[in-house]
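Undergrad: Below you'll find the structure I mean.
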Amino acid sequence: ETGVTQSPTHLIKTRGQQVTLRCSSQSGHNTVSWYQQALGQGPQFIFQYYREEENGRGNFPPRFSGLQFPNYSSELNVNALELDDSALYLCAGQEAGTGELFFGEGSRLTVL
Amino acid sequence: GESVGLHLPTLSVQEGDNSIINCAYSNSASDYFIWYKQESGKGPQFIIDIRSNMDKRQGQRVTVLLNKTVKHLSLQIAATQPGDSAVYFCAENINDYKLSFGAGTTVTVRA
């Protein structure tokens, strides 16, 4: 158990739609990061949030956005979905002391 | 592009043998590296990490070696077990624990 839970586990959307993915981390995980993992690839860093502010972004367009809440939960929002957005989206809580990342099991998004 | 890569996409190993998974990185300024294991349908699970001021670190049945001269990282698994079958990723810390992952090596353990 990593203490990080994500929802939904699977979902299907169509091109142009919007999606919100949710993550709940445990107490002490002040930093949360989101990663996109395409099939057969390693995870790609999307962005990181610390104390409810974005703290770095990877090579992803602005239609990928996020929120972090005081209760250690966070959201990833993707607007104007494209077929290439089909992937496993991973949330990772970061332990404040060691910096170790704890990943959730991901939300698998399919865009048709 | 990715700064971290793995030498081989697949590795088949006999149960009980030792496994060695390799990884090359390109950023000589990287100071922290992590190995993750990802089983089917699950998120990446931390295995072991190493900082750039070390060249070897051991855990339970696992050893990570870091060769900064040739920018090479390896993960050794002793006495490989069926439960070790998974995809293994090396990851490089860009900064503030923003990680750059390689493409992964799929390890299959033969009974």
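Residue numbers start at 1 in each chain; chains themselves are named A, B, ... in the order of the structure tokens; ligands are numbered from 1 in the order shown.
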Taking only C-alpha atoms into account, what are the residues of chain A at most 7 Å from chain B, put as a PyMOL selection string?
TA: chain A and resi 41-45+90+99+103-106
Undergrad: Mind writing the picked residues with C-alpha atoms as a PDB file, in the first residue's frame?
TA:
```pdb
ATOM      1  CA  GLN A  41       6.554   3.596 -22.384  1.00  0.00           C
ATOM      2  CA  GLY A  42       7.935   5.001 -19.171  1.00  0.00           C
ATOM      3  CA  PRO A  43       6.022   7.651 -17.257  1.00  0.00           C
ATOM      4  CA  GLN A  44       6.417  11.227 -18.492  1.00  0.00           C
ATOM      5  CA  PHE A  45       6.358  14.101 -15.988  1.00  0.00           C
ATOM      6  CA  LEU A  90      -0.263   8.362 -12.463  1.00  0.00           C
ATOM      7  CA  GLY A  99      11.519  12.898  -1.010  1.00  0.00           C
ATOM      8  CA  PHE A 103       2.613   6.203  -6.843  1.00  0.00           C
ATOM      9  CA  GLY A 104      -1.042   5.370  -7.090  1.00  0.00           C
ATOM     10  CA  GLU A 105      -2.247   2.630  -9.418  1.00  0.00           C
ATOM     11  CA  GLY A 106      -3.318   5.119 -12.026  1.00  0.00           C
TER      12      GLY A 106
END
```
Undergrad: Among chain B, which residues does DSSP mark as strand (DSSP E) when it is run on the backbone? Keep the chain and numbering as in the structure and answer as JSON, numbers by chain.
TA: {"B": [4, 5, 6, 10, 11, 12, 13, 14, 19, 20, 21, 22, 23, 24, 25, 32, 33, 34, 35, 36, 37, 38, 45, 46, 47, 48, 49, 50, 51, 56, 57, 58, 62, 63, 64, 65, 66, 67, 72, 73, 74, 75, 76, 77, 86, 87, 88, 89, 90, 91, 92, 93, 94, 95, 98, 99, 100, 101, 105, 106, 107, 108, 109, 110]}
Undergrad: Would you list the contacts of Ala78 of chain B as a list in words, taking every protein, DNA or RNA residue within 9 Å and counting only C-alpha atoms, but skipping same-chain residues closer than 6 positions in sequence?
TA: Gly16, Asp17, Asn18, Ser19, Ile20, Gln60, Arg61, Val62 and Thr63 of chain B
Undergrad: Go ahead and write the residues just picked, all heavy atoms, as an mmCIF file, in the first residue's frame.
TA:
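Result file follows (result_5.cif):
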```
data_model
loop_
_atom_site.group_PDB
_atom_site.id
_atom_site.type_symbol
_atom_site.label_atom_id
_atom_site.label_comp_id
_atom_site.auth_asym_id
_atom_site.auth_seq_id
_atom_site.Cartn_x
_atom_site.Cartn_y
_atom_site.Cartn_z
ATOM 1 N N GLY B 16 15.910 -18.389 -9.900
ATOM 2 C CA GLY B 16 17.071 -18.702 -9.081
ATOM 3 C C GLY B 16 18.360 -18.054 -9.560
ATOM 4 O O GLY B 16 19.313 -17.906 -8.777
ATOM 5 N N ASP B 17 18.381 -17.677 -10.837
ATOM 6 C CA ASP B 17 19.560 -16.987 -11.367
ATOM 7 C C ASP B 17 19.538 -15.518 -10.961
ATOM 8 O O ASP B 17 18.520 -14.985 -10.500
ATOM 9 C CB ASP B 17 19.601 -17.094 -12.887
ATOM 10 C CG ASP B 17 19.974 -18.484 -13.362
ATOM 11 O OD1 ASP B 17 20.350 -19.327 -12.511
ATOM 12 O OD2 ASP B 17 19.887 -18.726 -14.585
ATOM 13 N N ASN B 18 20.666 -14.865 -11.178
ATOM 14 C CA ASN B 18 20.743 -13.430 -10.933
ATOM 15 C C ASN B 18 20.346 -12.661 -12.198
ATOM 16 O O ASN B 18 20.622 -13.116 -13.316
ATOM 17 C CB ASN B 18 22.153 -13.028 -10.515
ATOM 18 C CG ASN B 18 22.559 -13.657 -9.197
ATOM 19 O OD1 ASN B 18 21.708 -13.991 -8.362
ATOM 20 N ND2 ASN B 18 23.857 -13.847 -8.993
ATOM 21 N N SER B 19 19.714 -11.520 -12.012
ATOM 22 C CA SER B 19 19.308 -10.663 -13.133
ATOM 23 C C SER B 19 20.111 -9.371 -13.082
ATOM 24 O O SER B 19 20.390 -8.850 -11.996
ATOM 25 C CB SER B 19 17.821 -10.302 -13.034
ATOM 26 O OG SER B 19 17.009 -11.446 -13.017
ATOM 27 N N ILE B 20 20.441 -8.878 -14.253
ATOM 28 C CA ILE B 20 21.104 -7.575 -14.335
ATOM 29 C C ILE B 20 20.364 -6.741 -15.372
ATOM 30 O O ILE B 20 20.224 -7.153 -16.526
ATOM 31 C CB ILE B 20 22.583 -7.692 -14.730
ATOM 32 C CG1 ILE B 20 23.350 -8.511 -13.686
ATOM 33 C CG2 ILE B 20 23.209 -6.297 -14.846
ATOM 34 C CD1 ILE B 20 24.802 -8.747 -14.045
ATOM 35 N N GLN B 60 17.581 -5.404 -0.037
ATOM 36 C CA GLN B 60 17.265 -6.814 0.125
ATOM 37 C C GLN B 60 17.185 -7.474 -1.251
ATOM 38 O O GLN B 60 16.300 -7.183 -2.039
ATOM 39 C CB GLN B 60 15.923 -6.964 0.841
ATOM 40 C CG GLN B 60 15.581 -8.395 1.195
ATOM 41 C CD GLN B 60 14.293 -8.496 1.993
ATOM 42 O OE1 GLN B 60 13.523 -7.534 2.052
ATOM 43 N NE2 GLN B 60 14.060 -9.622 2.607
ATOM 44 N N ARG B 61 18.121 -8.306 -1.568
ATOM 45 C CA ARG B 61 18.252 -9.036 -2.854
ATOM 46 C C ARG B 61 18.540 -8.124 -4.037
ATOM 47 O O ARG B 61 18.627 -8.574 -5.176
ATOM 48 C CB ARG B 61 16.990 -9.864 -3.180
ATOM 49 C CG ARG B 61 16.888 -11.165 -2.473
ATOM 50 C CD ARG B 61 15.961 -12.157 -3.199
ATOM 51 N NE ARG B 61 14.646 -11.585 -3.491
ATOM 52 C CZ ARG B 61 14.164 -11.475 -4.723
ATOM 53 N NH1 ARG B 61 14.881 -11.846 -5.770
ATOM 54 N NH2 ARG B 61 12.956 -10.973 -4.904
ATOM 55 N N VAL B 62 18.629 -6.837 -3.853
ATOM 56 C CA VAL B 62 18.910 -5.926 -4.964
ATOM 57 C C VAL B 62 20.144 -5.086 -4.677
ATOM 58 O O VAL B 62 20.428 -4.742 -3.533
ATOM 59 C CB VAL B 62 17.708 -5.000 -5.266
ATOM 60 C CG1 VAL B 62 16.526 -5.796 -5.786
ATOM 61 C CG2 VAL B 62 17.323 -4.190 -4.040
ATOM 62 N N THR B 63 20.862 -4.787 -5.768
ATOM 63 C CA THR B 63 22.039 -3.925 -5.686
ATOM 64 C C THR B 63 21.981 -2.970 -6.860
ATOM 65 O O THR B 63 21.699 -3.386 -7.989
ATOM 66 C CB THR B 63 23.334 -4.750 -5.767
ATOM 67 O OG1 THR B 63 23.365 -5.689 -4.694
ATOM 68 C CG2 THR B 63 24.557 -3.848 -5.686
#
```
Undergrad: I need the residue nearest Tyr72 of chain A from this list: A:Tyr50, A:Phe60, A:Trp34, A:Tyr89. Use only C-alpha atoms for the distance.
TA: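 Of the candidates, the smallest distance to Tyr72 of chain A is held by A:Tyr50.
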Undergrad: Using only C-alpha atoms, which protein or nucleic acid residues come within 10 Å of His29 of chain A? Drop anything in the same chain fewer than 2 positions from it, and give the result as a PyMOL selection string.
TA: chain A and resi 3-4+24-27+31-32+50-51+71-73+92-97+99-102
Undergrad: For Asn59 of chain A, which residue out of A:Ser86, A:Ser7, A:Asn30, A:Gln36 is the nearest one, using only C-alpha atoms?
TA: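 So, comparing all the options, the nearest one is A:Gln36.
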Undergrad: Which one is closest to Thr69 of chain B: B:Ala24, B:Val107, B:Gln81, B:Ile50? Count only C-alpha atoms.
TA: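 Using only C-alpha atoms, Thr69 of chain B sits closest to B:Ala24.
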Undergrad: Neighbouring residues of Phe64 of chain A were defined as those with any atom within 7 Å, considering only C-alpha atoms; residues of the same chain fewer than 6 positions away were excluded. Please report them as a list in words.
TA: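 Counting only the stated atoms, we get Asn77, Val78 and Asn79 of chain A.
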Undergrad: For Glu53 of chain A, list every protein, DNA or RNA residue within 10 Å, evaluated using only C-alpha atoms, and leave out those in the same chain fewer than 2 positions away; present the list as a list of chain:residue names.
TA: A:Thr31, A:Gln48, A:Tyr49, A:Tyr50, A:Arg51, A:Asn55, A:Gly56, A:Gly66, A:Leu67, A:Gln68, A:Phe69
Undergrad: Emit the selected residues as a PDB file, in the first residue's frame, including N, CA and C atoms.
TA:
```
ATOM      1  N   THR A  31       3.793  17.440  -1.454  1.00  0.00           N
ATOM      2  CA  THR A  31       4.042  17.604  -2.881  1.00  0.00           C
ATOM      3  C   THR A  31       3.378  16.457  -3.626  1.00  0.00           C
ATOM      4  N   GLN A  48       4.051  19.247 -11.205  1.00  0.00           N
ATOM      5  CA  GLN A  48       4.183  19.009  -9.774  1.00  0.00           C
ATOM      6  C   GLN A  48       3.514  20.169  -9.029  1.00  0.00           C
ATOM      7  N   TYR A  49       2.857  19.830  -7.935  1.00  0.00           N
ATOM      8  CA  TYR A  49       2.229  20.850  -7.092  1.00  0.00           C
ATOM      9  C   TYR A  49       2.784  20.763  -5.687  1.00  0.00           C
ATOM     10  N   TYR A  50       3.045  21.923  -5.127  1.00  0.00           N
ATOM     11  CA  TYR A  50       3.509  22.030  -3.748  1.00  0.00           C
ATOM     12  C   TYR A  50       2.737  23.157  -3.073  1.00  0.00           C
ATOM     13  N   ARG A  51       2.116  22.847  -1.969  1.00  0.00           N
ATOM     14  CA  ARG A  51       1.315  23.840  -1.238  1.00  0.00           C
ATOM     15  C   ARG A  51       0.349  24.578  -2.162  1.00  0.00           C
ATOM     16  N   ASN A  55       4.569  23.753  -9.287  1.00  0.00           N
ATOM     17  CA  ASN A  55       5.995  23.855  -8.973  1.00  0.00           C
ATOM     18  C   ASN A  55       6.823  23.141 -10.044  1.00  0.00           C
ATOM     19  N   GLY A  56       6.519  23.422 -11.281  1.00  0.00           N
ATOM     20  CA  GLY A  56       7.258  22.804 -12.369  1.00  0.00           C
ATOM     21  C   GLY A  56       6.341  22.046 -13.291  1.00  0.00           C
ATOM     22  N   GLY A  66      -3.941  21.435 -13.348  1.00  0.00           N
ATOM     23  CA  GLY A  66      -4.109  20.705 -12.107  1.00  0.00           C
ATOM     24  C   GLY A  66      -4.528  21.579 -10.961  1.00  0.00           C
ATOM     25  N   LEU A  67      -4.943  20.914  -9.914  1.00  0.00           N
ATOM     26  CA  LEU A  67      -5.267  21.578  -8.667  1.00  0.00           C
ATOM     27  C   LEU A  67      -4.773  20.700  -7.533  1.00  0.00           C
ATOM     28  N   GLN A  68      -4.349  21.345  -6.465  1.00  0.00           N
ATOM     29  CA  GLN A  68      -4.010  20.612  -5.244  1.00  0.00           C
ATOM     30  C   GLN A  68      -4.779  21.260  -4.108  1.00  0.00           C
ATOM     31  N   PHE A  69      -5.316  20.432  -3.216  1.00  0.00           N
ATOM     32  CA  PHE A  69      -6.166  20.919  -2.138  1.00  0.00           C
ATOM     33  C   PHE A  69      -5.481  20.696  -0.788  1.00  0.00           C
TER      34      PHE A  69
END
```
Undergrad: Which one of B:Ile21, B:Ile94, B:Leu65, B:Val109 sits closest to Ile77 of chain B if you count only C-alpha atoms?
TA: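 The answer is B:Ile21, which sits nearest to Ile77 of chain B.
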